[in-house]
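S.K.: File data26.txt follows (compact mmCIF, C-alpha atoms):
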```
# COMPACT_ATOMS: atom_id res chain seq x y z
CA MET A 1 0.00 0.00 0.00
CA VAL A 2 1.13 3.51 -0.71
CA SER A 3 1.20 5.67 2.37
CA LEU A 4 0.18 9.30 2.66
CA SER A 5 3.77 10.38 3.19
CA ASP A 6 4.73 8.95 -0.22
CA TYR A 7 2.16 11.17 -1.92
CA LEU A 8 3.20 14.19 0.15
CA ILE A 9 6.89 13.72 -0.60
CA LEU A 10 6.14 13.23 -4.31
CA SER A 11 4.18 16.48 -4.40
CA SER A 12 6.91 18.34 -2.52
CA VAL A 13 9.46 17.09 -5.06
CA ILE A 14 7.25 18.34 -7.89
CA PHE A 15 6.84 21.65 -6.08
CA CYS A 16 10.62 22.03 -5.83
CA ILE A 17 11.09 21.16 -9.50
CA GLY A 18 8.69 23.97 -10.34
CA LEU A 19 10.63 26.27 -8.04
CA VAL A 20 13.95 25.41 -9.72
CA GLY A 21 12.23 26.03 -13.05
CA ILE A 22 11.37 29.55 -11.95
CA PHE A 23 14.99 30.13 -10.94
CA VAL A 24 16.37 28.70 -14.17
CA ASN A 25 13.92 30.11 -16.72
CA ARG A 26 13.50 33.52 -15.22
CA THR A 27 13.85 35.35 -18.53
CA ASN A 28 11.12 33.47 -20.37
CA ILE A 29 7.65 34.43 -19.20
CA ILE A 30 5.92 31.49 -20.91
CA THR A 31 8.08 28.96 -19.09
CA LEU A 32 7.53 30.87 -15.85
CA LEU A 33 3.77 30.45 -16.30
CA MET A 34 4.25 26.74 -16.99
CA CYS A 35 6.33 26.35 -13.82
CA VAL A 36 3.53 28.01 -11.85
CA GLU A 37 1.14 25.44 -13.34
CA LEU A 38 3.46 22.66 -12.18
CA ILE A 39 3.54 24.10 -8.65
CA LEU A 40 -0.26 24.30 -8.61
CA ALA A 41 -0.48 20.66 -9.71
CA ALA A 42 1.76 19.68 -6.79
CA VAL A 43 -0.40 21.63 -4.34
CA ASN A 44 -3.54 20.01 -5.76
CA THR A 45 -1.99 16.57 -5.30
CA ASN A 46 -1.50 17.45 -1.62
CA PHE A 47 -5.15 18.41 -1.27
CA ILE A 48 -6.39 15.25 -2.99
CA ALA A 49 -4.10 12.98 -0.97
CA PHE A 50 -5.37 14.40 2.30
CA SER A 51 -8.94 14.26 1.02
CA HIS A 52 -8.52 10.57 0.19
CA PHE A 53 -6.86 9.57 3.43
CA LEU A 54 -9.18 11.58 5.67
CA GLY A 55 -12.32 10.53 3.79
CA ASN A 56 -13.46 14.12 3.31
CA GLU A 57 -14.52 15.53 -0.06
CA ALA A 58 -13.84 19.15 0.89
CA GLY A 59 -10.27 18.86 -0.36
CA GLN A 60 -11.45 17.85 -3.80
CA ILE A 61 -13.86 20.80 -3.87
CA PHE A 62 -10.92 23.05 -3.06
CA VAL A 63 -8.92 21.55 -5.95
CA PHE A 64 -11.88 22.27 -8.23
CA PHE A 65 -11.75 25.95 -7.34
CA ILE A 66 -7.97 26.07 -7.66
CA LEU A 67 -8.30 24.68 -11.19
CA THR A 68 -10.85 27.41 -12.00
CA VAL A 69 -8.62 30.19 -10.71
CA ALA A 70 -5.57 28.75 -12.46
CA ALA A 71 -7.39 28.61 -15.80
CA ALA A 72 -8.43 32.26 -15.41
CA GLU A 73 -4.87 33.17 -14.44
CA VAL A 74 -3.41 31.48 -17.51
CA ALA A 75 -5.92 33.15 -19.83
CA ILE A 76 -5.15 36.63 -18.51
CA GLY A 77 -1.42 35.93 -18.28
CA LEU A 78 -1.22 34.87 -21.90
CA ALA A 79 -3.31 37.91 -22.93
CA ILE A 80 -0.86 40.19 -21.12
CA LEU A 81 2.00 38.29 -22.77
CA THR A 82 0.53 38.83 -26.24
CA LEU A 83 0.06 42.52 -25.47
CA LEU A 84 3.63 42.77 -24.20
CA PHE A 85 4.97 41.14 -27.35
CA ARG A 86 2.91 43.54 -29.47
CA VAL A 87 4.22 46.60 -27.66
CA ARG A 88 7.86 45.59 -27.03
CA GLY A 89 8.53 43.02 -29.71
CA SER A 90 10.02 40.65 -27.15
CA ILE A 91 8.88 38.72 -24.09
CA ASP A 92 12.24 38.82 -22.35
CA VAL A 93 11.73 39.80 -18.73
CA ASP A 94 14.90 41.91 -18.80
CA VAL A 95 13.44 44.10 -21.54
CA THR A 96 10.32 44.88 -19.57
CA ASN A 97 11.95 47.03 -16.93
CA SER A 98 10.08 50.29 -17.44
CA LEU A 99 8.97 50.40 -13.82
CA LYS A 100 12.58 50.12 -12.60
CA GLY A 101 11.53 47.77 -9.85
CA MET B 1 5.61 -4.75 -3.21
CA GLY B 2 2.00 -4.65 -4.31
CA SER B 3 0.70 -3.63 -7.69
CA GLU B 4 -0.49 -0.28 -6.33
CA GLN B 5 3.03 0.58 -5.26
CA ILE B 6 4.47 -0.47 -8.61
CA ILE B 7 1.95 1.77 -10.39
CA PHE B 8 2.68 4.63 -8.00
CA TYR B 9 6.44 4.48 -8.50
CA PHE B 10 6.03 4.15 -12.26
CA LEU B 11 3.82 7.25 -12.37
CA SER B 12 6.13 9.14 -10.00
CA PHE B 13 9.15 8.34 -12.15
CA TRP B 14 7.53 9.68 -15.29
CA LEU B 15 6.11 12.68 -13.44
CA ILE B 16 9.50 13.72 -12.07
CA ALA B 17 11.34 12.91 -15.31
CA SER B 18 8.96 14.91 -17.49
CA SER B 19 8.92 17.83 -15.06
CA LEU B 20 12.72 17.96 -15.09
CA ALA B 21 12.72 17.74 -18.87
CA MET B 22 10.16 20.55 -18.95
CA ILE B 23 12.20 23.02 -16.91
CA PHE B 24 15.48 22.21 -18.66
CA SER B 25 14.27 22.08 -22.26
CA ARG B 26 15.47 24.95 -24.41
CA ASN B 27 12.51 24.87 -26.76
CA ALA B 28 9.29 26.34 -25.37
CA ALA B 29 7.07 24.10 -27.52
CA LYS B 30 8.90 20.99 -26.29
CA ALA B 31 8.49 22.26 -22.73
CA VAL B 32 4.73 22.45 -23.25
CA LEU B 33 4.68 18.85 -24.50
CA PHE B 34 6.67 17.66 -21.49
CA LEU B 35 4.25 19.54 -19.27
CA VAL B 36 1.41 17.67 -20.97
CA LEU B 37 3.12 14.39 -20.05
CA SER B 38 3.53 15.47 -16.46
CA PHE B 39 -0.14 16.52 -16.28
CA PHE B 40 -1.14 13.08 -17.53
CA SER B 41 0.99 11.51 -14.81
CA VAL B 42 -0.52 13.80 -12.17
CA ALA B 43 -4.00 12.86 -13.37
CA SER B 44 -3.11 9.16 -13.09
CA VAL B 45 -1.87 9.72 -9.53
CA TRP B 46 -5.18 11.42 -8.78
CA ILE B 47 -7.07 8.41 -10.16
CA LEU B 48 -4.96 6.25 -7.83
CA LEU B 49 -6.31 8.50 -5.04
CA GLU B 50 -9.91 7.94 -6.22
CA ALA B 51 -10.43 11.49 -7.45
CA GLU B 52 -11.65 10.48 -10.88
CA PHE B 53 -13.65 13.58 -11.68
CA LEU B 54 -10.76 15.94 -10.99
CA ALA B 55 -8.36 13.75 -12.95
CA ILE B 56 -10.60 13.85 -16.01
CA THR B 57 -11.08 17.58 -15.50
CA LEU B 58 -7.35 18.08 -15.35
CA ILE B 59 -6.87 16.27 -18.65
CA LEU B 60 -9.82 17.91 -20.42
CA VAL B 61 -9.33 21.45 -19.14
CA TYR B 62 -5.57 21.60 -18.76
CA VAL B 63 -4.27 19.41 -21.52
CA GLY B 64 -7.19 20.09 -23.84
CA ALA B 65 -7.56 23.83 -23.38
CA VAL B 66 -4.80 25.50 -21.42
CA MET B 67 -1.84 23.67 -22.90
CA VAL B 68 -3.22 24.15 -26.42
CA LEU B 69 -3.54 27.85 -25.59
CA PHE B 70 0.14 27.84 -24.58
CA LEU B 71 1.07 26.18 -27.86
CA PHE B 72 -1.00 28.72 -29.80
CA VAL B 73 0.74 31.63 -28.10
CA ILE B 74 4.19 30.09 -28.60
CA LYS B 75 3.54 29.53 -32.28
CA MET B 76 1.92 32.96 -32.75
CA LEU B 77 4.71 34.88 -31.07
CA ASN B 78 7.32 32.74 -32.84
CA ILE B 79 9.64 32.60 -29.87
CA ASP B 80 10.45 28.92 -29.98
CA LYS B 81 13.61 29.61 -31.92
CA SER B 82 14.74 32.54 -29.83
CA THR B 83 17.45 32.01 -27.27
CA LEU B 84 16.11 33.45 -24.07
CA ARG B 85 18.30 31.45 -21.77
CA ALA B 86 21.48 33.43 -21.59
CA LYS B 87 21.55 33.56 -17.79
CA PHE B 88 20.97 29.84 -17.45
CA ALA B 89 23.95 28.87 -15.36
CA GLY B 90 23.95 31.86 -13.04
CA TYR B 91 20.90 30.97 -11.01
CA LEU B 92 20.93 27.19 -11.29
CA PRO B 93 23.15 26.48 -8.21
CA LEU B 94 21.11 28.81 -6.01
CA GLY B 95 17.87 27.23 -7.20
CA LEU B 96 19.20 23.72 -6.66
CA ILE B 97 20.36 24.56 -3.14
CA VAL B 98 17.00 26.06 -2.22
CA ALA B 99 15.12 23.11 -3.73
CA LEU B 100 17.29 20.50 -2.01
CA ILE B 101 16.86 22.24 1.35
CA ILE B 102 13.09 22.37 0.85
CA ILE B 103 12.93 18.69 -0.12
CA ALA B 104 15.07 17.70 2.89
CA GLU B 105 12.88 19.69 5.26
CA MET B 106 9.68 18.31 3.75
CA THR B 107 10.99 14.76 3.97
CA LEU B 108 11.83 15.28 7.63
CA VAL B 109 8.38 16.67 8.38
CA LEU B 110 6.30 14.42 6.12
CA GLY B 111 8.19 11.17 6.67
CA ASN B 112 6.81 7.78 7.59
CA ALA B 113 6.88 8.61 11.30
CA GLN B 114 4.28 11.32 10.83
CA PHE B 115 2.17 10.20 7.89
CA GLY B 116 3.03 6.54 7.49
CA LEU B 117 0.57 3.73 7.09
CA ASP B 118 0.53 2.92 10.82
CA VAL B 119 -0.24 6.53 11.73
CA MET B 120 -2.72 7.18 8.94
CA PRO B 121 -3.99 3.89 7.53
CA ALA B 122 -5.12 3.75 3.94
CA PRO B 123 -8.91 3.87 3.66
CA ALA B 124 -10.76 0.95 2.15
CA ARG B 125 -11.32 1.14 -1.58
CA HIS B 126 -14.84 2.07 -2.61
CA GLY B 127 -16.97 -0.46 -4.45
CA ALA B 128 -18.06 -0.32 -8.05
CA ASP B 129 -21.29 1.50 -7.10
CA TYR B 130 -19.39 4.47 -5.68
CA SER B 131 -19.60 7.58 -7.82
CA ASN B 132 -17.04 10.27 -7.22
CA ILE B 133 -18.97 12.77 -9.33
CA THR B 134 -22.14 12.27 -7.27
CA GLU B 135 -20.29 12.83 -4.02
CA LEU B 136 -18.61 15.97 -5.35
CA ALA B 137 -21.84 17.31 -6.83
CA LEU B 138 -23.72 16.79 -3.56
CA GLN B 139 -21.14 18.92 -1.78
CA LEU B 140 -20.77 21.43 -4.59
CA TYR B 141 -24.45 22.23 -5.00
CA THR B 142 -25.35 22.32 -1.31
CA THR B 143 -22.54 23.46 0.94
CA TYR B 144 -20.36 25.17 -1.64
CA VAL B 145 -22.98 26.61 -3.98
CA TYR B 146 -22.02 30.21 -3.25
CA PRO B 147 -18.29 29.72 -4.02
CA PHE B 148 -19.37 27.78 -7.11
CA GLU B 149 -21.28 30.79 -8.43
CA LEU B 150 -18.39 33.06 -7.51
CA ALA B 151 -16.11 30.83 -9.58
CA ALA B 152 -18.47 31.24 -12.53
CA VAL B 153 -18.35 35.03 -12.13
CA LEU B 154 -14.57 34.83 -11.92
CA LEU B 155 -14.40 32.98 -15.22
CA LEU B 156 -16.68 35.61 -16.80
CA ILE B 157 -14.37 38.36 -15.53
CA ALA B 158 -11.39 36.48 -16.94
CA ILE B 159 -13.05 36.25 -20.37
CA ILE B 160 -13.86 39.96 -20.39
CA ALA B 161 -10.40 40.92 -19.16
CA ALA B 162 -8.60 38.77 -21.72
CA ILE B 163 -10.69 40.13 -24.59
CA THR B 164 -10.31 43.72 -23.41
CA LEU B 165 -6.56 43.37 -23.10
CA VAL B 166 -5.92 41.88 -26.51
CA HIS B 167 -8.63 43.62 -28.52
CA LYS B 168 -7.30 46.11 -31.06
CA LYS B 169 -9.16 49.27 -31.86
CA GLU B 170 -10.08 49.13 -35.52
CA ILE B 171 -9.85 52.24 -37.63
CA ASN B 172 -12.65 51.85 -40.15
CA ARG B 173 -15.30 50.32 -37.97
CA LYS B 174 -18.78 51.79 -38.34
CA GLN B 175 -20.55 52.56 -35.10
CA GLN B 176 -23.32 54.75 -33.81
CA SER B 177 -22.71 58.02 -32.02
CA ILE B 178 -25.83 58.46 -29.95
CA SER B 179 -25.16 62.02 -28.80
CA GLU B 180 -24.63 63.26 -32.32
CA GLN B 181 -27.84 61.60 -33.40
CA VAL B 182 -29.81 63.22 -30.59
CA ASN B 183 -28.28 66.66 -30.98
CA VAL B 184 -28.74 66.91 -34.70
CA ARG B 185 -30.70 69.92 -36.05
CA ALA B 186 -32.71 70.09 -39.22
CA LYS B 187 -30.36 72.62 -40.76
CA ASP B 188 -27.47 70.15 -40.48
CA ARG B 189 -29.22 67.56 -42.52
CA VAL B 190 -31.48 69.44 -44.93
CA ARG B 191 -30.15 72.08 -47.21
CA ILE B 192 -32.74 74.21 -48.96
CA VAL B 193 -31.54 75.43 -52.26
CA SER B 194 -33.45 77.84 -54.34
CA ILE B 195 -33.13 76.98 -57.97
CA THR B 196 -34.71 79.12 -60.56
CA SER B 197 -36.63 76.94 -62.88
CA SER B 198 -35.51 77.23 -66.39
CA SER B 199 -37.95 78.82 -68.78
CA LYS B 200 -39.15 77.13 -71.88
CA GLU B 201 -37.57 79.41 -74.41
CA ASN B 202 -34.08 78.69 -73.09
CA LYS B 203 -34.42 75.11 -74.10
```
Taking this structure as input, can you express it in the form of C-alpha cells?
M.R.:
Amino acid sequence: MVSLSDYLILSSVIFCIGLVGIFVNRTNIITLLMCVELILAAVNTNFIAFSHFLGNEAGQIFVFFILTVAAAEVAIGLAILTLLFRVRGSIDVDVTNSLKG
Amino acid sequence: MGSEQIIFYFLSFWLIASSLAMIFSRNAAKAVLFLVLSFFSVASVWILLEAEFLAITLILVYVGAVMVLFLFVIKMLNIDKSTLRAKFAGYLPLGLIVALIIIAEMTLVLGNAQFGLDVMPAPARHGADYSNITELALQLYTTYVYPFELAAVLLLIAIIAAITLVHKKEINRKQQSISEQVNVRAKDRVRIVSITSSSKENK
C-alpha cells in the first residue's frame, strides 16, 4: 500500500522542480507560467491525498476551485503576454523594466 | 511490493522525469509537450487516489484547453527559436540549493513517522457503485454553492479581461454616435436650395 507520506513527498518534489524552473527560466515568461502550473499541480496533489486519506470531499472541492482560478490566471497571463509582445517586440523579462523595480 | 506501489512508483518516475525535462528544455514548444506528459501523470496519480472527476477535468481542461492555448501563443509569437536562456547557469546552483533544502525539510516533516501507514492507515477502496462525481456534486451544489457561483463570475471576468486586453481598436469600424444623433438639427441635414426653374424658351 502507498502511504500518505509517499504522496506528500512526491508532491513536494514536484513543487521544488517547479521552483527550480522559476529560478532557471527567469527570462522566459511562458516557461515561468508553466512552472507556476506545475507548482499548482503539486499543491492540488497534496489536497487530494489528504482528502482521500481523511475521507473528506472538501479537499477535492478546493482543488476544483484552484483549477478554476488557475485557468483564469493562464488566460489573462497569456493575454498580457501577447500585449507585451505587441508593444515591445520581445517577451524577455529583462526588456520589460520600465517600472525600474 | 504490491501492484499499487508499482503503479505509484512508475507514475512518479515519469512525473518527475517529465517535469525535469520541462524546466530544462530549451525549446518552449517541447516544454509544453513535457508539461502535458507530467499533467497526464498527475492525473493518473489522482485516479490512484480515487479522485476520478478531478483527474478527467485536469486532462480535459488543462491538456485540452490551457496547454493548447500555450502552444498557440508560442507559435503565434514565434519565440520557440529565440534564445532566451542566456543567464541559465547563473541561477541554477542557487535554485538547486533552495530546492534540495526544501525537499530535505519536507521529507523530515512528512516522513513515515508522521504520515506513514501505521499513523494514517489507507482507507478501504470504494466499491463499483461508488460515484465520485455524485459525491462531489452533492457537496458542490449544497454546501459550496455560493463559491461555485463566484467561480463562474470569476471565469466571466477572466473572459472579459482577456478580450479587453488583446482587442485592437479598428480604424474603419462603423458605429453609432448616440449624442450626435440626438443633438442633430434640421439645418445640419437638410439644405434648402433655391433653384430658378428654367424657362421654356431657353431650351
S.K.: Would you compute the distance between CA of Val69 in chain A and CA of Leu150 in chain B? Give it in Å to one decimal.
M.R.: 10.7 Å
S.K.: Using all atoms listed in the file, tabulate the residues of range 3-119 of chain B lying at most 12 Å from any atom of range 35-59 of chain A, each with its closest atom pair and that distance in Å to one decimal, by chain and increasing residue number, as a Markdown table.
M.R.:
```
| residue | atom | partner | partner_atom | distance |
| --- | --- | --- | --- | --- |
| B:Ser12 | CA | A:Ala42 | CA | 11.9 |
| B:Leu15 | CA | A:Leu38 | CA | 10.4 |
| B:Ile16 | CA | A:Leu38 | CA | 10.8 |
| B:Ser18 | CA | A:Leu38 | CA | 10.9 |
| B:Ser19 | CA | A:Leu38 | CA | 7.8 |
| B:Leu20 | CA | A:Cys35 | CA | 10.6 |
| B:Ala21 | CA | A:Cys35 | CA | 11.9 |
| B:Met22 | CA | A:Cys35 | CA | 8.6 |
| B:Ile23 | CA | A:Cys35 | CA | 7.4 |
| B:Phe24 | CA | A:Cys35 | CA | 11.1 |
| B:Ala28 | CA | A:Cys35 | CA | 11.9 |
| B:Ala31 | CA | A:Cys35 | CA | 10.0 |
| B:Val32 | CA | A:Cys35 | CA | 10.3 |
| B:Phe34 | CA | A:Leu38 | CA | 11.0 |
| B:Leu35 | CA | A:Leu38 | CA | 7.8 |
| B:Val36 | CA | A:Leu38 | CA | 10.3 |
| B:Leu37 | CA | A:Leu38 | CA | 11.4 |
| B:Ser38 | CA | A:Leu38 | CA | 8.4 |
| B:Phe39 | CA | A:Ala41 | CA | 7.8 |
| B:Phe40 | CA | A:Ala41 | CA | 10.9 |
| B:Ser41 | CA | A:Ala41 | CA | 10.6 |
| B:Val42 | CA | A:Ala41 | CA | 7.3 |
| B:Ala43 | CA | A:Thr45 | CA | 9.1 |
| B:Ser44 | CA | A:Thr45 | CA | 10.8 |
| B:Val45 | CA | A:Thr45 | CA | 8.1 |
| B:Trp46 | CA | A:Thr45 | CA | 7.0 |
| B:Ile47 | CA | A:Ile48 | CA | 9.9 |
| B:Leu48 | CA | A:Ala49 | CA | 9.6 |
| B:Leu49 | CA | A:His52 | CA | 6.0 |
| B:Glu50 | CA | A:His52 | CA | 7.1 |
| B:Ala51 | CA | A:Ile48 | CA | 7.1 |
| B:Glu52 | CA | A:Ile48 | CA | 10.6 |
| B:Phe53 | CA | A:Ile48 | CA | 11.4 |
| B:Leu54 | CA | A:Ile48 | CA | 9.1 |
| B:Ala55 | CA | A:Ile48 | CA | 10.3 |
| B:Leu58 | CA | A:Ala41 | CA | 9.3 |
| B:Ile59 | CA | A:Ala41 | CA | 11.8 |
| B:Tyr62 | CA | A:Glu37 | CA | 9.4 |
| B:Val63 | CA | A:Glu37 | CA | 11.5 |
| B:Val66 | CA | A:Glu37 | CA | 10.0 |
| B:Met67 | CA | A:Glu37 | CA | 10.2 |
| B:Phe70 | CA | A:Glu37 | CA | 11.5 |
| B:Leu110 | CA | A:Asn46 | CA | 11.4 |
| B:Phe115 | CA | A:Phe53 | CA | 10.1 |
| B:Gly116 | CA | A:Phe53 | CA | 11.1 |
| B:Leu117 | CA | A:Phe53 | CA | 10.1 |
| B:Val119 | CA | A:Phe53 | CA | 11.0 |
```
S.K.: In Å, rounded to a single decimal, give me how far CA of Tyr130 in chain B is from CA of Asn112 in chain B.
M.R.: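 Computing it gives 29.6 Å between the two atoms.
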S.K.: To one decimal in Å, tell me the separation between CA of Ala113 in chain B and CA of Leu100 in chain B.
M.R.: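 The value is 20.7 Å.
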S.K.: Considering only C-alpha atoms, can you say which of A:Ile80, A:Lys100, A:Arg88, A:Ile61 comes closest to Leu140 in chain B?
M.R.: A:Ile61
S.K.: Nearest residue to Gly18 in chain A out of B:Ala99, B:Val145, B:Val190, B:Leu108, using all atoms listed in the file?
M.R.: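 Nearest to Gly18 in chain A: B:Ala99.
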